[in-house]
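Below is target.cif, which holds mmCIF, C-alpha atoms.
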data_protein
#
loop_
_atom_site.group_PDB
_atom_site.id
_atom_site.type_symbol
_atom_site.label_atom_id
_atom_site.label_comp_id
_atom_site.auth_asym_id
_atom_site.auth_seq_id
_atom_site.Cartn_x
_atom_site.Cartn_y
_atom_site.Cartn_z
ATOM 1 C CA MET A 1 14.963 21.143 -6.986
ATOM 2 C CA LYS A 2 11.169 21.203 -6.749
ATOM 3 C CA THR A 3 9.759 22.859 -3.645
ATOM 4 C CA ASP A 4 6.151 21.693 -4.034
ATOM 5 C CA LYS A 5 6.666 17.944 -3.840
ATOM 6 C CA MET A 6 3.883 15.715 -2.592
ATOM 7 C CA ALA A 7 4.755 14.693 0.935
ATOM 8 C CA GLY A 8 3.096 12.835 3.767
ATOM 9 C CA VAL A 9 1.260 9.616 4.467
ATOM 10 C CA MET A 10 -1.184 8.132 1.968
ATOM 11 C CA THR A 11 -3.804 5.410 2.380
ATOM 12 C CA PRO A 12 -4.570 3.017 -0.480
ATOM 13 C CA ILE A 13 -8.126 2.786 0.764
ATOM 14 C CA LEU A 14 -9.937 -0.540 1.175
ATOM 15 C CA THR A 15 -12.973 -1.022 -1.072
ATOM 16 C CA PRO A 16 -16.097 -2.225 0.778
ATOM 17 C CA PHE A 17 -18.696 -4.470 -0.841
ATOM 18 C CA ASN A 18 -22.299 -5.292 -0.056
ATOM 19 C CA ASP A 19 -23.330 -8.892 0.576
ATOM 20 C CA ASP A 20 -23.979 -9.390 -3.151
ATOM 21 C CA LEU A 21 -20.418 -8.097 -3.718
ATOM 22 C CA SER A 22 -21.602 -4.864 -5.328
ATOM 23 C CA PHE A 23 -19.669 -1.732 -4.383
ATOM 24 C CA ALA A 24 -20.807 -0.159 -1.073
ATOM 25 C CA PRO A 25 -20.433 3.625 -1.478
ATOM 26 C CA ASP A 26 -21.755 4.491 1.984
ATOM 27 C CA LEU A 27 -19.027 2.518 3.746
ATOM 28 C CA TYR A 28 -16.427 3.840 1.321
ATOM 29 C CA LEU A 29 -17.207 7.484 2.023
ATOM 30 C CA SER A 30 -17.448 7.108 5.788
ATOM 31 C CA HIS A 31 -14.155 5.197 5.918
ATOM 32 C CA ALA A 32 -12.435 7.822 3.762
ATOM 33 C CA LYS A 33 -13.603 10.603 6.059
ATOM 34 C CA TRP A 34 -12.408 8.742 9.155
ATOM 35 C CA ILE A 35 -8.949 8.142 7.663
ATOM 36 C CA LEU A 36 -8.557 11.834 6.882
ATOM 37 C CA GLN A 37 -9.802 12.824 10.343
ATOM 38 C CA GLU A 38 -7.065 10.605 11.794
ATOM 39 C CA GLY A 39 -4.439 12.744 10.060
ATOM 40 C CA ILE A 40 -3.678 10.978 6.792
ATOM 41 C CA HIS A 41 -2.619 13.436 4.084
ATOM 42 C CA PHE A 42 -3.850 11.648 0.929
ATOM 43 C CA LEU A 43 -6.111 8.809 -0.183
ATOM 44 C CA SER A 44 -5.363 6.502 -3.089
ATOM 45 C CA PRO A 45 -8.450 4.653 -4.310
ATOM 46 C CA PHE A 46 -7.795 1.478 -6.332
ATOM 47 C CA GLY A 47 -4.428 0.366 -5.149
ATOM 48 C CA THR A 48 -3.708 -3.298 -4.586
ATOM 49 C CA THR A 49 -5.276 -3.005 -1.120
ATOM 50 C CA GLY A 50 -8.462 -1.657 -2.707
ATOM 51 C CA GLU A 51 -8.852 -4.809 -4.839
ATOM 52 C CA ALA A 52 -8.532 -2.536 -7.859
ATOM 53 C CA LEU A 53 -8.108 -5.242 -10.463
ATOM 54 C CA SER A 54 -11.352 -6.834 -9.248
ATOM 55 C CA MET A 55 -13.288 -3.638 -10.004
ATOM 56 C CA THR A 56 -14.771 -2.538 -13.309
ATOM 57 C CA LEU A 57 -13.949 0.700 -15.057
ATOM 58 C CA ALA A 58 -17.462 2.023 -14.342
ATOM 59 C CA GLU A 59 -17.176 1.173 -10.643
ATOM 60 C CA ARG A 60 -13.934 3.093 -10.362
ATOM 61 C CA LEU A 61 -15.451 6.191 -11.943
ATOM 62 C CA VAL A 62 -18.503 6.003 -9.672
ATOM 63 C CA ALA A 63 -16.327 5.520 -6.591
ATOM 64 C CA VAL A 64 -14.203 8.617 -7.259
ATOM 65 C CA ASP A 65 -17.321 10.658 -7.980
ATOM 66 C CA GLY A 66 -18.883 9.421 -4.747
ATOM 67 C CA LEU A 67 -15.926 10.547 -2.669
ATOM 68 C CA ILE A 68 -15.772 14.004 -4.227
ATOM 69 C CA ASP A 69 -19.525 14.561 -4.329
ATOM 70 C CA GLY A 70 -19.645 13.341 -0.726
ATOM 71 C CA GLY A 71 -17.358 16.133 0.432
ATOM 72 C CA ILE A 72 -13.810 14.767 0.026
ATOM 73 C CA ASP A 73 -11.444 17.381 -1.377
ATOM 74 C CA PRO A 74 -10.190 16.044 -4.747
ATOM 75 C CA ALA A 75 -6.812 17.600 -3.945
ATOM 76 C CA VAL A 76 -6.201 14.746 -1.472
ATOM 77 C CA LEU A 77 -7.040 11.982 -3.970
ATOM 78 C CA MET A 78 -4.638 9.942 -6.105
ATOM 79 C CA PRO A 79 -6.701 7.223 -7.828
ATOM 80 C CA GLY A 80 -5.089 4.150 -9.320
ATOM 81 C CA THR A 81 -5.433 4.198 -13.100
ATOM 82 C CA GLY A 82 -3.079 1.575 -14.547
ATOM 83 C CA LEU A 83 -4.618 -1.169 -16.690
ATOM 84 C CA CYS A 84 -3.196 -3.304 -19.469
ATOM 85 C CA ASN A 85 -4.834 -1.371 -22.306
ATOM 86 C CA LEU A 86 -4.159 2.269 -23.044
ATOM 87 C CA GLU A 87 -7.759 3.305 -23.725
ATOM 88 C CA ASP A 88 -9.087 2.378 -20.282
ATOM 89 C CA THR A 89 -6.052 3.854 -18.578
ATOM 90 C CA VAL A 90 -6.636 7.105 -20.472
ATOM 91 C CA THR A 91 -10.314 7.101 -19.421
ATOM 92 C CA LEU A 92 -9.403 6.773 -15.752
ATOM 93 C CA CYS A 93 -6.639 9.391 -15.973
ATOM 94 C CA ARG A 94 -8.857 11.896 -17.765
ATOM 95 C CA HIS A 95 -11.639 11.433 -15.236
ATOM 96 C CA ALA A 96 -9.237 12.046 -12.343
ATOM 97 C CA VAL A 97 -7.910 15.161 -14.062
ATOM 98 C CA GLU A 98 -11.407 16.459 -14.822
ATOM 99 C CA ARG A 99 -12.472 15.959 -11.200
ATOM 100 C CA GLY A 100 -9.422 17.843 -9.918
ATOM 101 C CA CYS A 101 -7.561 14.944 -8.282
ATOM 102 C CA ARG A 102 -4.050 15.669 -7.035
ATOM 103 C CA ALA A 103 -2.484 12.919 -9.142
ATOM 104 C CA VAL A 104 -3.004 9.396 -10.452
ATOM 105 C CA MET A 105 -1.101 6.264 -9.444
ATOM 106 C CA THR A 106 -0.408 4.232 -12.562
ATOM 107 C CA LEU A 107 0.829 0.690 -13.008
ATOM 108 C CA PRO A 108 2.808 -0.179 -16.116
ATOM 109 C CA PRO A 109 0.883 -2.373 -18.594
ATOM 110 C CA PHE A 110 1.638 -5.543 -16.721
ATOM 111 C CA PHE A 111 0.622 -8.522 -18.851
ATOM 112 C CA TYR A 112 3.769 -8.724 -20.975
ATOM 113 C CA LYS A 113 6.400 -9.547 -18.378
ATOM 114 C CA ASN A 114 9.332 -9.204 -20.775
ATOM 115 C CA ALA A 115 8.534 -5.601 -21.753
ATOM 116 C CA SER A 116 11.677 -3.494 -22.005
ATOM 117 C CA ASP A 117 12.241 -0.079 -20.482
ATOM 118 C CA GLU A 118 12.021 1.302 -24.024
ATOM 119 C CA GLY A 119 8.647 -0.347 -24.552
ATOM 120 C CA LEU A 120 7.316 0.978 -21.254
ATOM 121 C CA TYR A 121 8.677 4.438 -22.015
ATOM 122 C CA THR A 122 6.896 4.411 -25.373
ATOM 123 C CA TYR A 123 3.635 3.365 -23.689
ATOM 124 C CA PHE A 124 3.803 6.223 -21.195
ATOM 125 C CA VAL A 125 4.659 8.767 -23.867
ATOM 126 C CA ARG A 126 1.468 7.688 -25.657
ATOM 127 C CA LEU A 127 -0.488 7.954 -22.403
ATOM 128 C CA VAL A 128 0.740 11.497 -21.767
ATOM 129 C CA GLU A 129 0.123 12.591 -25.349
ATOM 130 C CA THR A 130 -3.360 11.050 -25.447
ATOM 131 C CA VAL A 131 -4.562 12.519 -22.161
ATOM 132 C CA ASN A 132 -3.024 15.787 -23.343
ATOM 133 C CA SER A 133 -3.525 17.812 -20.176
ATOM 134 C CA PRO A 134 -1.056 19.951 -18.230
ATOM 135 C CA ALA A 135 -3.011 18.982 -15.108
ATOM 136 C CA LEU A 136 -2.015 15.315 -15.425
ATOM 137 C CA LYS A 137 0.303 14.244 -12.578
ATOM 138 C CA ILE A 138 1.484 10.637 -12.451
ATOM 139 C CA CYS A 139 2.821 8.591 -9.564
ATOM 140 C CA MET A 140 4.613 5.560 -10.980
ATOM 141 C CA TYR A 141 3.382 2.442 -9.192
ATOM 142 C CA HIS A 142 6.185 -0.093 -8.831
ATOM 143 C CA ILE A 143 4.953 -3.414 -7.427
ATOM 144 C CA PRO A 144 6.789 -6.223 -9.233
ATOM 145 C CA PRO A 145 5.850 -8.885 -6.633
ATOM 146 C CA MET A 146 2.241 -8.546 -7.871
ATOM 147 C CA ALA A 147 2.554 -7.079 -11.376
ATOM 148 C CA GLY A 148 5.611 -9.035 -12.457
ATOM 149 C CA ILE A 149 7.004 -5.874 -14.020
ATOM 150 C CA GLY A 150 7.819 -2.372 -12.854
ATOM 151 C CA PHE A 151 9.620 0.938 -13.242
ATOM 152 C CA SER A 152 13.390 0.562 -13.067
ATOM 153 C CA PRO A 153 15.288 3.485 -11.521
ATOM 154 C CA ALA A 154 16.576 4.341 -15.005
ATOM 155 C CA LEU A 155 13.052 4.407 -16.476
ATOM 156 C CA ALA A 156 11.740 6.490 -13.575
ATOM 157 C CA GLY A 157 14.588 8.940 -14.028
ATOM 158 C CA ARG A 158 14.029 9.184 -17.789
ATOM 159 C CA LEU A 159 10.287 9.825 -17.491
ATOM 160 C CA ALA A 160 10.825 12.381 -14.722
ATOM 161 C CA LYS A 161 13.495 14.167 -16.778
ATOM 162 C CA ASP A 162 11.510 14.242 -20.027
ATOM 163 C CA PHE A 163 8.141 15.081 -18.392
ATOM 164 C CA PRO A 164 9.093 16.895 -15.172
ATOM 165 C CA ASP A 165 5.648 18.407 -14.659
ATOM 166 C CA ILE A 166 3.810 15.097 -15.158
ATOM 167 C CA PHE A 167 5.826 12.286 -13.570
ATOM 168 C CA VAL A 168 5.952 13.671 -10.058
ATOM 169 C CA ALA A 169 6.026 10.631 -7.744
ATOM 170 C CA TYR A 170 6.948 6.961 -7.365
ATOM 171 C CA LYS A 171 5.442 4.335 -5.066
ATOM 172 C CA ASP A 172 7.945 1.599 -4.328
ATOM 173 C CA SER A 173 6.151 -1.583 -3.271
ATOM 174 C CA SER A 174 9.066 -3.821 -4.217
ATOM 175 C CA GLY A 175 9.964 -4.381 -0.574
ATOM 176 C CA ASP A 176 13.568 -3.613 -1.525
ATOM 177 C CA PHE A 177 14.820 -0.414 0.092
ATOM 178 C CA GLU A 178 17.928 -0.464 -2.103
ATOM 179 C CA ASN A 179 15.582 0.102 -5.057
ATOM 180 C CA THR A 180 13.960 3.001 -3.194
ATOM 181 C CA LYS A 181 17.345 4.642 -2.702
ATOM 182 C CA ALA A 182 18.263 4.044 -6.349
ATOM 183 C CA VAL A 183 15.071 5.764 -7.532
ATOM 184 C CA ILE A 184 15.690 8.732 -5.224
ATOM 185 C CA ALA A 185 19.155 9.051 -6.766
ATOM 186 C CA ALA A 186 17.927 8.619 -10.353
ATOM 187 C CA ALA A 187 14.961 11.004 -10.040
ATOM 188 C CA PRO A 188 15.773 13.472 -7.263
ATOM 189 C CA ASP A 189 13.011 15.915 -8.184
ATOM 190 C CA ILE A 190 10.110 13.500 -7.693
ATOM 191 C CA SER A 191 8.427 12.335 -4.486
ATOM 192 C CA VAL A 192 9.426 8.765 -3.661
ATOM 193 C CA PHE A 193 7.161 6.874 -1.285
ATOM 194 C CA PRO A 194 8.013 3.455 0.159
ATOM 195 C CA GLY A 195 4.994 1.170 -0.106
ATOM 196 C CA SER A 196 5.064 0.274 3.577
ATOM 197 C CA GLU A 197 5.498 2.168 6.839
ATOM 198 C CA THR A 198 8.202 -0.388 7.618
ATOM 199 C CA PHE A 199 10.467 1.882 5.554
ATOM 200 C CA LEU A 200 8.893 5.204 6.570
ATOM 201 C CA LYS A 201 11.599 6.277 9.010
ATOM 202 C CA GLU A 202 14.452 5.019 6.823
ATOM 203 C CA GLY A 203 12.869 6.583 3.767
ATOM 204 C CA LEU A 204 12.658 10.012 5.379
ATOM 205 C CA GLU A 205 16.320 9.739 6.345
ATOM 206 C CA HIS A 206 17.298 9.092 2.696
ATOM 207 C CA GLY A 207 15.144 11.692 0.945
ATOM 208 C CA GLY A 208 11.810 9.878 0.739
ATOM 209 C CA MET A 209 8.661 11.930 1.203
ATOM 210 C CA GLY A 210 6.533 9.671 3.425
ATOM 211 C CA CYS A 211 4.831 6.378 2.656
ATOM 212 C CA ILE A 212 1.822 4.856 0.910
ATOM 213 C CA SER A 213 0.755 1.970 3.085
ATOM 214 C CA ALA A 214 -2.111 -0.514 3.316
ATOM 215 C CA THR A 215 -2.223 -0.489 7.096
ATOM 216 C CA CYS A 216 -3.031 3.217 7.099
ATOM 217 C CA ASN A 217 -6.568 1.821 6.800
ATOM 218 C CA VAL A 218 -6.479 0.571 10.400
ATOM 219 C CA ASN A 219 -3.530 2.375 12.045
ATOM 220 C CA PRO A 220 -3.600 5.856 10.500
ATOM 221 C CA ALA A 221 -2.897 8.057 13.506
ATOM 222 C CA ALA A 222 0.150 6.070 14.610
ATOM 223 C CA ILE A 223 1.669 6.113 11.136
ATOM 224 C CA ARG A 224 1.047 9.847 10.810
ATOM 225 C CA TYR A 225 2.669 10.320 14.209
ATOM 226 C CA VAL A 226 5.849 8.538 13.123
ATOM 227 C CA TYR A 227 5.922 10.722 10.008
ATOM 228 C CA ASP A 228 5.615 13.887 12.124
ATOM 229 C CA VAL A 229 8.402 12.771 14.435
ATOM 230 C CA GLY A 230 10.527 11.741 11.478
ATOM 231 C CA ILE A 231 10.375 15.185 9.896
ATOM 232 C CA GLY A 232 11.162 16.817 13.211
ATOM 233 C CA ASP A 233 7.765 18.162 14.250
ATOM 234 C CA LYS A 234 7.942 16.380 17.597
ATOM 235 C CA SER A 235 10.772 15.308 19.889
ATOM 236 C CA ASP A 236 9.511 11.941 21.145
ATOM 237 C CA ASP A 237 11.486 8.715 21.047
ATOM 238 C CA LEU A 238 11.325 7.943 17.347
ATOM 239 C CA GLU A 239 12.977 4.540 17.660
ATOM 240 C CA GLN A 240 10.378 3.250 20.104
ATOM 241 C CA ILE A 241 7.277 4.532 18.354
ATOM 242 C CA ASN A 242 8.630 3.360 15.013
ATOM 243 C CA LYS A 243 9.206 -0.116 16.466
ATOM 244 C CA GLU A 244 5.616 -0.276 17.754
ATOM 245 C CA MET A 245 4.283 0.785 14.366
ATOM 246 C CA VAL A 246 6.344 -1.859 12.534
ATOM 247 C CA VAL A 247 5.172 -4.586 14.926
ATOM 248 C CA PHE A 248 1.576 -3.593 14.211
ATOM 249 C CA ARG A 249 2.246 -3.841 10.488
ATOM 250 C CA LYS A 250 3.862 -7.259 10.709
ATOM 251 C CA THR A 251 1.039 -8.592 12.875
ATOM 252 C CA VAL A 252 -1.561 -7.545 10.296
ATOM 253 C CA GLU A 253 0.563 -8.860 7.402
ATOM 254 C CA LYS A 254 0.813 -12.256 9.061
ATOM 255 C CA ALA A 255 -3.010 -12.453 9.209
ATOM 256 C CA GLY A 256 -3.470 -11.649 5.487
ATOM 257 C CA PRO A 257 -3.754 -7.868 5.083
ATOM 258 C CA ILE A 258 -6.861 -7.299 2.962
ATOM 259 C CA PRO A 259 -9.310 -9.759 4.584
ATOM 260 C CA ALA A 260 -7.800 -9.153 8.028
ATOM 261 C CA MET A 261 -8.166 -5.376 7.870
ATOM 262 C CA LYS A 262 -11.679 -5.672 6.511
ATOM 263 C CA GLY A 263 -12.471 -8.033 9.374
ATOM 264 C CA LEU A 264 -11.156 -5.527 11.897
ATOM 265 C CA LEU A 265 -13.451 -2.870 10.448
ATOM 266 C CA ALA A 266 -16.404 -5.294 10.399
ATOM 267 C CA ILE A 267 -16.082 -6.014 14.111
ATOM 268 C CA LYS A 268 -15.072 -2.579 15.330
ATOM 269 C CA ARG A 269 -17.795 -0.835 13.297
ATOM 270 C CA ASN A 270 -20.396 -3.546 13.774
ATOM 271 C CA ASP A 271 -21.100 -3.861 10.058
ATOM 272 C CA SER A 272 -20.586 -7.341 8.634
ATOM 273 C CA ARG A 273 -20.402 -6.003 5.081
ATOM 274 C CA TRP A 274 -16.799 -5.100 5.780
ATOM 275 C CA TYR A 275 -15.942 -8.807 5.765
ATOM 276 C CA ASN A 276 -16.793 -9.022 2.063
ATOM 277 C CA VAL A 277 -14.011 -9.454 -0.494
ATOM 278 C CA ARG A 278 -14.182 -10.397 -4.145
ATOM 279 C CA PRO A 279 -12.856 -13.808 -5.200
ATOM 280 C CA PRO A 280 -10.236 -15.094 -5.537
ATOM 281 C CA ILE A 281 -9.556 -13.398 -2.181
ATOM 282 C CA MET A 282 -11.467 -15.095 0.609
ATOM 283 C CA PRO A 283 -12.857 -13.398 3.732
ATOM 284 C CA ALA A 284 -11.287 -13.774 7.146
ATOM 285 C CA SER A 285 -13.217 -15.783 9.700
ATOM 286 C CA PRO A 286 -14.584 -13.896 12.728
ATOM 287 C CA SER A 287 -12.516 -16.109 15.017
ATOM 288 C CA LYS A 288 -9.316 -15.241 13.159
ATOM 289 C CA VAL A 289 -10.128 -11.541 13.366
ATOM 290 C CA GLU A 290 -10.893 -11.786 17.092
ATOM 291 C CA LYS A 291 -7.491 -13.384 17.573
ATOM 292 C CA LEU A 292 -5.879 -10.525 15.637
ATOM 293 C CA ILE A 293 -7.704 -7.980 17.805
ATOM 294 C CA GLU A 294 -6.309 -9.723 20.876
ATOM 295 C CA GLU A 295 -2.774 -9.691 19.441
ATOM 296 C CA LEU A 296 -2.951 -5.978 18.581
ATOM 297 C CA GLY A 297 -4.361 -5.071 21.985
ATOM 298 C CA ASP A 298 -4.342 -1.399 22.918
ATOM 299 C CA THR A 299 -2.512 -0.436 19.733
ATOM 300 C CA LEU A 300 -5.731 -0.968 17.738
ATOM 301 C CA LYS A 301 -7.704 2.257 17.679
ATOM 302 C CA ILE A 302 -10.563 2.074 15.160
ATOM 303 C CA SER A 303 -13.674 4.172 15.607
#
What does the file become when written as structure tokens?
Amino acid sequence: MKTDKMAGVMTPILTPFNDDLSFAPDLYLSHAKWILQEGIHFLSPFGTTGEALSMTLAERLVAVDGLIDGGIDPAVLMPGTGLCNLEDTVTLCRHAVERGCRAVMTLPPFFYKNASDEGLYTYFVRLVETVNSPALKICMYHIPPMAGIGFSPALAGRLAKDFPDIFVAYKDSSGDFENTKAVIAAAPDISVFPGSETFLKEGLEHGGMGCISATCNVNPAAIRYVYDVGIGDKSDDLEQINKEMVVFRKTVEKAGPIPAMKGLLAIKRNDSRWYNVRPPIMPASPSKVEKLIEELGDTLKIS
């Protein structure tokens, strides 16, 4: 059993844009620093929450460089690298490795929805062999509601068994905790992270290592607190604080997570650029965000 597993709470960080929808590195860096100051263990640029598939390859490279050159320790970074073609995925993985990132979070090539486990296994063998670095660490990103395809427990177990020093984690954004438990059973040596804090407490109880959650962008300290209580660092009423955290999550989800969270940051930080999203996503209206702020009340703590 591995003793150096990744563990903790990770934020798939929102990507801010200027009014012309170009990438806004100043907001990105300041938001990253705030999230870490609030106690989050890791950042994952270019997850679904970060509008990754609306960003170019060059923008992703610049964004990672900006975080690291701006003072973020690369050891807390796990950039998203999964695209539909191997060459671009290799480029992103190599860059993360060269910059010293802790790991990469990689989607399967998601266009061909009928791809078999054997086909996906073959793709990832090619990825590993092409990057050709012992420093490569991969978190398998399972999000079939968006990608239409994913890593079955059997595939996760096979990759982890055949490449134990490379396939080290799994993000389960299926919304199905039975799948999470099946992956933990199939690949016991990797770190399995539910893709929502809704399953943080339950995940810890079944061998999960934390969570990777969108709402860490706007509720980081509370989510970290539940993690600390869940692993036994504190003796507070876990049931109550977990319930409050889940209610916060569901309230934000109901408002449309990406535009709603960006709207919260726009108002709380008095910078309207945070409203900006890239089409086909549409921005939240100020009135809708004000209503969300009212619903969240004292539980909203953004500075």
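When the PyMOL selection byres ((chain A and resi 42) around 6) is evaluated on the file shown here, the picked residues come out as Met10, Ile40, His41, Leu43, Val76 and Leu77 of chain A.
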Inset, instruction - Within 12 Å of Gly256 (chain A), counting all atoms listed in the file, which residues show up once you throw out same-chain ones fewer than 2 positions away? Write them as a list in words, please. - result: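 Listed by chain and then number, they are Thr49, Ala214, Thr215, Arg249, Lys250, Thr251, Val252, Glu253, Lys254, Ile258, Pro259, Ala260, Met261, Lys262, Gly263, Leu264, Ile281, Met282, Pro283, Ala284, Ser285, Lys288, Val289 and Leu292 of chain A.
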Inset, instruction - For Ala24 (chain A), please output as a list in words all residues within 10 Å (counting all atoms listed in the file; exclusion window: fewer than 6 positions along the same chain). - result: Thr15, Pro16, Phe17, Asn18, Ala63, Arg273 and Trp274 of chain A
Write the residues of the selection above to a file with C-alpha atoms, as a PDB file, in the frame of the given file.
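out_15.pdb, freshly written:
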ATOM      1  CA  THR A  15     -12.973  -1.022  -1.072  1.00  0.00           C
ATOM      2  CA  PRO A  16     -16.097  -2.225   0.778  1.00  0.00           C
ATOM      3  CA  PHE A  17     -18.696  -4.470  -0.841  1.00  0.00           C
ATOM      4  CA  ASN A  18     -22.299  -5.292  -0.056  1.00  0.00           C
ATOM      5  CA  ALA A  63     -16.327   5.520  -6.591  1.00  0.00           C
ATOM      6  CA  ARG A 273     -20.402  -6.003   5.081  1.00  0.00           C
ATOM      7  CA  TRP A 274     -16.799  -5.100   5.780  1.00  0.00           C
TER       8      TRP A 274
END
Inset, instruction - On this file, the PyMOL selection byres ((chain A and resi 138) around 6) gives some set of residues; write that set as a list in words. - result: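 Applying the expression gives Ala103, Val104, Met105, Lys137, Cys139, Ile166, Phe167 and Val168 of chain A.
Checking A:Leu200, A:Ala58, A:Leu265, A:Leu86 one by one against Leu127 (chain A), counting all atoms listed in the file, you find the shortest gap at A:Leu86.
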Inset, instruction - Might you spell out which residues the PyMOL selection byres ((chain A and resi 87) around 12) would select in the displayed file, as a PyMOL selection string? - result: chain A and resi 57+81-86+88-94+109+123+126-128+130-131
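Between CA of Pro145 (chain A) and CA of Pro188 (chain A) there is a distance of 24.5 Å.
CA of Tyr28 (chain A) is positioned 12.2 Å from CA of Ser44 (chain A).
Closest to Gly47 (chain A) among A:Ala255, A:Pro74, A:Gly119, A:Ile143 is A:Ile143, based on only C-alpha atoms.
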Inset, instruction - Please provide the set of residues having any atom within 12 Å of Asp228 (chain A), restricted to only C-alpha atoms, with same-chain residues fewer than 2 positions apart removed, written as a list of chain:residue names. - result: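 So, after excluding close chain neighbours, the residues are A:Ala7, A:Gly8, A:Val9, A:Gly39, A:Ile40, A:His41, A:Leu200, A:Lys201, A:Leu204, A:Met209, A:Gly210, A:Ala221, A:Ala222, A:Ile223, A:Arg224, A:Tyr225, A:Val226, A:Gly230, A:Ile231, A:Gly232, A:Asp233, A:Lys234, A:Ser235, A:Asp236, A:Asp237, A:Leu238, A:Ile241, A:Asn242.
In this model, the gap between CA of Phe151 (chain A) and CA of Val183 (chain A) comes to 9.3 Å.
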Legend entry - Exercise: Phe193 (chain A) partners within 7 Å, all atoms listed in the file, chain neighbours under 3 positions left out, as JSON, numbers by chain: {"A": [170, 171, 172, 208, 209, 210, 211, 212]}
Inset, instruction - Identify, on the basis of all atoms listed in the file, every residue whose closest approach to Gly66 (chain A) does not exceed 12 Å; exclude the query and any residue fewer than 5 positions from it along the same chain; express the result as a PyMOL selection string. - result: chain A and resi 23-30+32+45+59-61+71-74+99
So that all listed atoms of region 36-46 of chain A fit with 6 Å spare on each side, what axis-aligned box centre and edge lengths in Å, to one decimal, would you give as AutoDock Vina command-line options?
--center_x -6.2 --center_y 7.5 --center_z 2.7 --size_x 19.2 --size_y 24.0 --size_z 30.1
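Distances from A:Arg278, A:Asn114, A:Phe177, A:Ser133 to Ile149 (chain A) were compared using all atoms listed in the file, and the smallest one belongs to A:Asn114.
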Legend entry - Pick from A:Ile13, A:Ser213, A:Phe124, A:Pro79, whichever lies nearest to Lys33 (chain A) using only C-alpha atoms: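 Looking only at the distances to Lys33 (chain A), the closest residue turns out to be A:Ile13.
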Legend entry - Counting only C-alpha atoms, the residue of A:Met146, A:Ile184, A:Met245, A:Leu21 that sits nearest Leu300 (chain A):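 Of A:Met146, A:Ile184, A:Met245, A:Leu21, the one nearest Leu300 (chain A) is A:Met245, counting only C-alpha atoms.
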